[in-house]
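Read the structure below first, then the notes.
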Amino acid sequence: MWSTLVRWYHQLGSPRYFYRFSTVVLPWLWVLAIVLTAVGLVWGLAFAPEDYQQGNSYRIIFIHVPAAGAALTGYVAMGVAGLVALVWRMKMAEIMIRAIAPFGAVLAAVALLTGAIWGKPTWGTYWVWDARLTSMLIMLFLYLGVVALMKAIEDDRQGARAASLLSVVGVINVVVVKYSVEWWNSLHQGSTINLTRETTMPAEMLVPLLVSMAGIYLLFAVSVLVRARAEILRRERKSRWLQEEV
Amino acid sequence: MNAVRKQRLFIVLGVLAGLAAAVALVTYALKQNINLFYTPQQVASGEAPVGSRMRVGGLVVPGSVERNQETLNVVFDLTDGKGTFTVHYQGILPDLFREGQGIVANGTLAQPLRFEADEVLAKHDETYMPPEVQDALEKAGHPGAGPAQDAP
């Protein structure tokens, strides 16, 4: 088991293997991502029952929660890649940071924007400086910071090292975002989907939510893969394997 | 793992642990500033400063909402089970405002138990369900049926 993991780690750590591997899986992931996103969103936005309290305005949850969840998960993935890049100096990990950051920023922005749109009819305000909203805004700035650091430093590897550190350190903020609604009192409600406690949503709403979450997570993963491949092409343009491959 | 990598791993984890501790201490020290609102318990016990601007949050006490028929003035009590005080507000309430609902009000504590709000926001919880389920729960007198449905 462990040796298989180590082998995968070394194989996927090589740009050449990663490029070949992603060529094979990418078409399947594309299909899966588009189908799940379409099914989840149409089901949630058009067919799921309305809420007893919020009526139809709660439906934005089918975009808001997947976007916010994917932004958080993406940051953790970027932090892990940052750790690998700092300790093992693995090129593929540097490429992954570069691939994840801009899409993570977009997802964080979508979560903030849909949250504001949802906040007006339910809370009565677009924005309030409570712990959840503020820490999510910090997450958007951290993503943008990683993008900016990489762009600002001319040398790829130097830039990646600086961005890796920011990625690793920013993971602390992910924990703050996650628990902000439990540690402090806030206007934002607690989480609906819980692994340890009971989930406070009936199946006819929860299933489309989970489907659109799976779809948007996959769409995020597919985008990251495509961007990572483009980055491999740019960085390895002089290597012989690439010239043979393309 | 070779020695150089092991050393780098320890440095990175050390930096991370140090920063996490710093963030934990700072957020703990700023707890009252990060909390969005004072609870009715804090207001009732005199912990909330009288006369300065702040937010308060709590549940609207069922049966306490009094509306003036000619103006937009509305008076209601706010509670968290451990303390109660009165909120005076003039303006339009959000759609989700109803008795038993959690709200957050922005304004000043004019007297120890009299809060004058200039903004009222509705808080909603993490429970979602179709209206039919809510009706059924209410008919069955289920205790966990959520906030009272009767229009204010």
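Every chain in the structure tokens has a letter given in the order shown (A, B, ...), and although residue numbers restart at 1 in each chain, ligands are simply numbered from 1 in the order shown.
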Inset, instruction - Apply DSSP to the backbone of this structure and, from stretch 89-186 of chain A, keep only the residues in alpha helix (DSSP H); write these as a VMD selection string. - result: chain A and resid 91 to 122 131 to 152 156 to 183
Inset, instruction - Give me, as a PyMOL selection string, the contact residues of chain B against chain A at a cut-off of 8 Å, counting only C-alpha atoms. - result: chain B and resi 5-6+8-9+12+16+19-20+31+34-37+94-96+104+120-132+134
Legend entry - Atomic distance atom CA of A:Ile138 - atom CA of B:Leu13, expressed in Å with one decimal: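 Computing the Euclidean distance for atom CA of A:Ile138 and atom CA of B:Leu13 yields 21.9 Å.
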Legend entry - Selection near A:Ser212, 9 Å with only C-alpha atoms, sequence-local residues under 3 positions removed, as number ranges by chain: A: 36-41, 43-44, 62-63, 66, 207-209, 215-217
Residues within 10 Å of A:Met90, please, as an mmCIF file with N, CA and C atoms, in the first residue's frame. Count only C-alpha atoms; anything in the same chain fewer than 4 positions from it doesn't count.
data_model
loop_
_atom_site.group_PDB
_atom_site.id
_atom_site.type_symbol
_atom_site.label_atom_id
_atom_site.label_comp_id
_atom_site.auth_asym_id
_atom_site.auth_seq_id
_atom_site.Cartn_x
_atom_site.Cartn_y
_atom_site.Cartn_z
ATOM 1 N N HIS A 10 6.141 9.489 -7.008
ATOM 2 C CA HIS A 10 7.301 9.743 -7.863
ATOM 3 C C HIS A 10 6.919 9.841 -9.335
ATOM 4 N N GLY A 13 5.064 12.975 -10.012
ATOM 5 C CA GLY A 13 5.973 14.090 -9.790
ATOM 6 C C GLY A 13 6.831 14.388 -11.000
ATOM 7 N N SER A 14 6.809 13.507 -11.976
ATOM 8 C CA SER A 14 7.589 13.757 -13.183
ATOM 9 C C SER A 14 6.689 14.371 -14.244
ATOM 10 N N PRO A 15 7.041 15.542 -14.755
ATOM 11 C CA PRO A 15 6.188 16.226 -15.737
ATOM 12 C C PRO A 15 5.840 15.330 -16.925
ATOM 13 N N ALA A 81 0.808 21.142 -1.987
ATOM 14 C CA ALA A 81 1.768 21.303 -3.083
ATOM 15 C C ALA A 81 2.905 22.237 -2.661
ATOM 16 N N GLY A 82 2.566 23.270 -1.898
ATOM 17 C CA GLY A 82 3.572 24.206 -1.409
ATOM 18 C C GLY A 82 4.578 23.522 -0.500
ATOM 19 N N LEU A 83 4.076 22.651 0.386
ATOM 20 C CA LEU A 83 4.960 21.917 1.300
ATOM 21 C C LEU A 83 5.914 21.020 0.502
ATOM 22 N N VAL A 84 5.345 20.300 -0.464
ATOM 23 C CA VAL A 84 6.170 19.409 -1.292
ATOM 24 C C VAL A 84 7.209 20.222 -2.072
ATOM 25 N N ALA A 85 6.779 21.373 -2.590
ATOM 26 C CA ALA A 85 7.700 22.206 -3.371
ATOM 27 C C ALA A 85 8.827 22.756 -2.491
ATOM 28 N N LEU A 86 8.494 23.101 -1.240
ATOM 29 C CA LEU A 86 9.516 23.667 -0.353
ATOM 30 C C LEU A 86 10.502 22.609 0.118
ATOM 31 N N GLU A 94 5.413 22.781 -7.968
ATOM 32 C CA GLU A 94 5.427 24.213 -8.292
ATOM 33 C C GLU A 94 4.413 24.516 -9.395
ATOM 34 N N ILE A 95 4.382 23.606 -10.375
ATOM 35 C CA ILE A 95 3.430 23.784 -11.485
ATOM 36 C C ILE A 95 1.999 23.742 -10.964
#
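Across the model, the gap from atom CA of A:Glu231 to atom CA of A:Ala152 is 16.8 Å.
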Legend entry - Polymer residues at most 12 Å from B:Arg67, only C-alpha atoms, same-chain spacing of 2 or more positions, as a count of residues only: 18
Inset, instruction - Between atom CA of A:Ile34 and atom CA of A:Phe21, measure the distance and give it in Å to one decimal. - result: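 A separation of 20.4 Å between them.
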Inset, instruction - Write out as a list in words each polymer residue whose atoms come within 9 Å of A:Met139, counting only C-alpha atoms; drop sequence neighbours fewer than 4 positions from it. - result: Ala71, Leu72, Tyr75, Ala105, Ala108, Thr134, Ser135, Tyr143, Leu144, Gly170, Asn173, Val174 and Val177 of chain A
List as an mmCIF file with C-alpha atoms, in the first residue's frame the protein and nucleic acid residues near stretch 47-57 of chain B, meaning an atom at most 7 Å away when only C-alpha atoms are counted, but skip any in the same chain fewer than 4 places from it.
data_model
loop_
_atom_site.group_PDB
_atom_site.id
_atom_site.type_symbol
_atom_site.label_atom_id
_atom_site.label_comp_id
_atom_site.auth_asym_id
_atom_site.auth_seq_id
_atom_site.Cartn_x
_atom_site.Cartn_y
_atom_site.Cartn_z
ATOM 1 C CA LEU B 36 -20.238 40.213 15.471
ATOM 2 C CA PHE B 37 -22.664 41.053 18.260
ATOM 3 C CA TYR B 38 -23.291 41.178 21.987
ATOM 4 C CA THR B 39 -25.659 38.520 23.309
ATOM 5 C CA GLN B 42 -23.974 40.220 27.987
ATOM 6 C CA VAL B 43 -26.345 43.192 27.713
ATOM 7 C CA ILE B 103 -31.862 38.768 14.402
ATOM 8 C CA VAL B 104 -28.863 41.069 14.608
ATOM 9 C CA ALA B 105 -29.474 44.768 15.280
ATOM 10 C CA ASN B 106 -27.048 47.638 14.791
ATOM 11 C CA GLY B 107 -27.386 50.723 16.985
ATOM 12 C CA THR B 108 -26.724 52.058 20.477
ATOM 13 C CA LEU B 109 -27.590 50.910 23.956
ATOM 14 C CA ALA B 110 -29.367 54.074 25.186
ATOM 15 C CA GLN B 111 -30.105 52.722 28.641
ATOM 16 C CA PRO B 112 -28.924 49.479 30.247
#
Inset, instruction - Check the DSSP output for the backbone and give back, as a ChimeraX atom specification, the residues of stretch 17-148 of chain B in strand (DSSP E). - result: /B:53-60,66-67,73-79,84-90,102-111,114-122
